[in-house]
Each structure stands twice: as C-alpha cells, then as structure tokens.
Amino acid sequence: MEFEDYPISLSPIPEDEGGGYMVTFPDLPGCIADGDTVEEAIAEARDAFNAWMAAVREDKGSLA
C-alpha cells in the first residue's frame, strides 16, 4: 500500500498550542504528524506513514 491509498485528516493547531497543522490517518491508529505549513505537515505525514508501515512489517502485520 502507498501513502496515497490512505485518507488523511488535516487540521489546524491552535496558536496557543503552537500553531501549524496536524495530519492524522483515520485508518492507521497512532500515525500522526505535524508541521508549520500544510506542505510541511503532509511531508512529515509521509515520513510517519513510512515509519508506521515499517513497524507493522517488523511486527509481521500485527497492529497491536
């Protein structure tokens, strides 16, 4: 599966919490990223996705 195969949720982070944007993956528990701009948040999300998938492969497909 590829990054583009999974929906993401992009939301602004309030200024009093540091500002920027947060990306979550509804279908990938615990896979989140953030960045100062939308573009940076999505780039960080791609890295988080790759790390999440690598961890799942290492666990032989276990999400627990």
# chains A, B, ... in the order shown; residues from 1 in each chain; ligands from 1
>>> residues_around(residues="segment 12-22 of chain A", least_positions_apart="4", cutoff="10 Å", atoms="only C-alpha atoms", output="VMD selection string")
chain A and resid 8 32 to 42 44 to 45
>>> write_last_selection(atoms="C-alpha atoms", output="CSV table (one decimal), in the first residue's frame")
chain,number,residue,atom,x,y,z
A,8,ILE,CA,-5.8,11.8,5.9
A,32,ILE,CA,0.2,11.3,13.2
A,33,ALA,CA,2.4,14.2,12.1
A,34,ASP,CA,2.5,18.0,12.2
A,35,GLY,CA,4.2,20.9,10.5
A,36,ASP,CA,4.3,24.6,10.4
A,37,THR,CA,2.7,24.7,6.9
A,38,VAL,CA,0.2,22.4,5.1
A,39,GLU,CA,3.0,21.3,2.8
A,40,GLU,CA,5.4,20.5,5.7
A,41,ALA,CA,2.7,18.6,7.6
A,42,ILE,CA,1.9,16.5,4.6
A,44,GLU,CA,6.0,14.8,7.7
A,45,ALA,CA,2.9,12.6,7.4
>>> atom_distance(atom1="atom CA of Phe25 of chain A", atom2="atom CA of Arg57 of chain A")
17.7 Å
>>> closest_residue(among="A:Pro29, A:Leu10, A:Asp5, A:Thr24", to="Val56 of chain A", atoms="only C-alpha atoms")
A:Pro29
>>> residues_around(residues="Met53 of chain A", least_positions_apart="5", cutoff="10 Å", atoms="only C-alpha atoms", output="list of chain:residue names")
A:Met1, A:Glu2, A:Phe3, A:Leu28, A:Cys31, A:Asp47, A:Ala48, A:Glu58, A:Asp59, A:Gly61, A:Leu63
>>> write_last_selection(atoms="all heavy atoms", output="compact mmCIF listing (two decimals), in the first residue's frame")
# COMPACT_ATOMS: atom_id res chain seq x y z
N MET A 1 0.84 -1.18 0.00
CA MET A 1 0.00 0.00 0.00
C MET A 1 0.88 1.25 0.00
O MET A 1 1.96 1.26 0.55
CB MET A 1 -0.90 0.02 1.23
CG MET A 1 -1.90 -1.15 1.24
SD MET A 1 -2.99 -1.06 -0.15
CE MET A 1 -4.51 -0.73 0.63
N GLU A 2 0.36 2.28 -0.59
CA GLU A 2 1.08 3.54 -0.72
C GLU A 2 0.42 4.63 0.11
O GLU A 2 -0.77 4.55 0.44
CB GLU A 2 1.11 3.98 -2.19
CG GLU A 2 1.77 2.98 -3.12
CD GLU A 2 3.25 2.83 -2.85
OE1 GLU A 2 3.89 3.84 -2.51
OE2 GLU A 2 3.75 1.71 -2.98
N PHE A 3 1.16 5.67 0.41
CA PHE A 3 0.67 6.82 1.16
C PHE A 3 -0.65 7.33 0.58
O PHE A 3 -1.60 7.60 1.31
CB PHE A 3 1.74 7.92 1.13
CG PHE A 3 1.33 9.21 1.76
CD1 PHE A 3 1.37 9.37 3.13
CD2 PHE A 3 0.92 10.28 0.98
CE1 PHE A 3 1.01 10.57 3.72
CE2 PHE A 3 0.56 11.49 1.56
CZ PHE A 3 0.60 11.63 2.93
N LEU A 28 -5.07 4.34 10.41
CA LEU A 28 -3.78 3.91 10.96
C LEU A 28 -3.63 4.45 12.38
O LEU A 28 -3.13 5.56 12.57
CB LEU A 28 -2.63 4.39 10.07
CG LEU A 28 -2.70 4.04 8.59
CD1 LEU A 28 -1.52 4.66 7.84
CD2 LEU A 28 -2.74 2.54 8.39
N CYS A 31 -0.79 6.98 13.97
CA CYS A 31 0.05 7.55 12.92
C CYS A 31 -0.35 9.01 12.74
O CYS A 31 -1.40 9.30 12.16
CB CYS A 31 -0.10 6.76 11.62
SG CYS A 31 1.07 7.27 10.34
N ASP A 47 6.51 10.73 5.96
CA ASP A 47 7.56 10.07 6.75
C ASP A 47 6.95 9.21 7.86
O ASP A 47 7.40 8.08 8.11
CB ASP A 47 8.50 11.10 7.37
CG ASP A 47 9.39 11.78 6.34
OD1 ASP A 47 9.52 11.26 5.21
OD2 ASP A 47 9.96 12.84 6.68
N ALA A 48 5.94 9.74 8.55
CA ALA A 48 5.27 8.99 9.61
C ALA A 48 4.62 7.74 9.05
O ALA A 48 4.68 6.66 9.65
CB ALA A 48 4.24 9.87 10.32
N GLU A 58 7.65 -5.16 10.52
CA GLU A 58 8.53 -5.78 11.52
C GLU A 58 7.75 -6.63 12.50
O GLU A 58 8.24 -7.63 12.99
CB GLU A 58 9.34 -4.73 12.24
CG GLU A 58 10.44 -4.13 11.41
CD GLU A 58 11.20 -3.04 12.12
OE1 GLU A 58 11.11 -2.94 13.37
OE2 GLU A 58 11.88 -2.26 11.43
N ASP A 59 6.52 -6.21 12.80
CA ASP A 59 5.65 -6.98 13.70
C ASP A 59 4.88 -8.06 12.97
O ASP A 59 3.94 -8.62 13.52
CB ASP A 59 4.67 -6.05 14.40
CG ASP A 59 5.31 -5.22 15.50
OD1 ASP A 59 6.42 -5.58 15.93
OD2 ASP A 59 4.68 -4.23 15.92
N GLY A 61 2.73 -7.75 10.60
CA GLY A 61 1.35 -7.38 10.32
C GLY A 61 0.49 -7.13 11.53
O GLY A 61 -0.66 -6.76 11.41
N LEU A 63 -1.11 -5.10 14.42
CA LEU A 63 -1.35 -3.69 14.75
C LEU A 63 -1.36 -3.46 16.25
O LEU A 63 -1.47 -2.34 16.71
CB LEU A 63 -2.67 -3.20 14.16
CG LEU A 63 -2.75 -3.22 12.63
CD1 LEU A 63 -4.12 -2.75 12.19
CD2 LEU A 63 -1.68 -2.34 12.01
>>> select_by_dssp(residues="chain A", states="alpha helix (DSSP H)", output="list in words")
Val38, Glu39, Glu40, Ala41, Ile42, Ala43, Glu44, Ala45, Arg46, Asp47, Ala48, Phe49, Asn50, Ala51, Trp52, Met53, Ala54, Ala55, Val56, Arg57 and Glu58 of chain A
>>> select_by_dssp(residues="chain A", states="strand (DSSP E or B)", output="MDAnalysis selection string")
chainID A and resid 9:12 21:24 32:35
>>> write_last_selection(atoms="C-alpha atoms", output="JSON list (two decimals), in the first residue's frame")
[["chain", "number", "residue", "atom", "x", "y", "z"],
["A", 9, "SER", "CA", -7.32, 14.33, 8.13],
["A", 10, "LEU", "CA", -5.61, 17.74, 8.10],
["A", 11, "SER", "CA", -6.49, 20.20, 10.83],
["A", 12, "PRO", "CA", -5.05, 23.48, 12.10],
["A", 21, "TYR", "CA", -1.14, 21.81, 11.11],
["A", 22, "MET", "CA", -1.72, 18.24, 12.26],
["A", 23, "VAL", "CA", -2.24, 15.24, 10.00],
["A", 24, "THR", "CA", -3.85, 12.03, 11.21],
["A", 32, "ILE", "CA", 0.19, 11.35, 13.20],
["A", 33, "ALA", "CA", 2.42, 14.19, 12.07],
["A", 34, "ASP", "CA", 2.54, 17.95, 12.20],
["A", 35, "GLY", "CA", 4.23, 20.87, 10.52]]
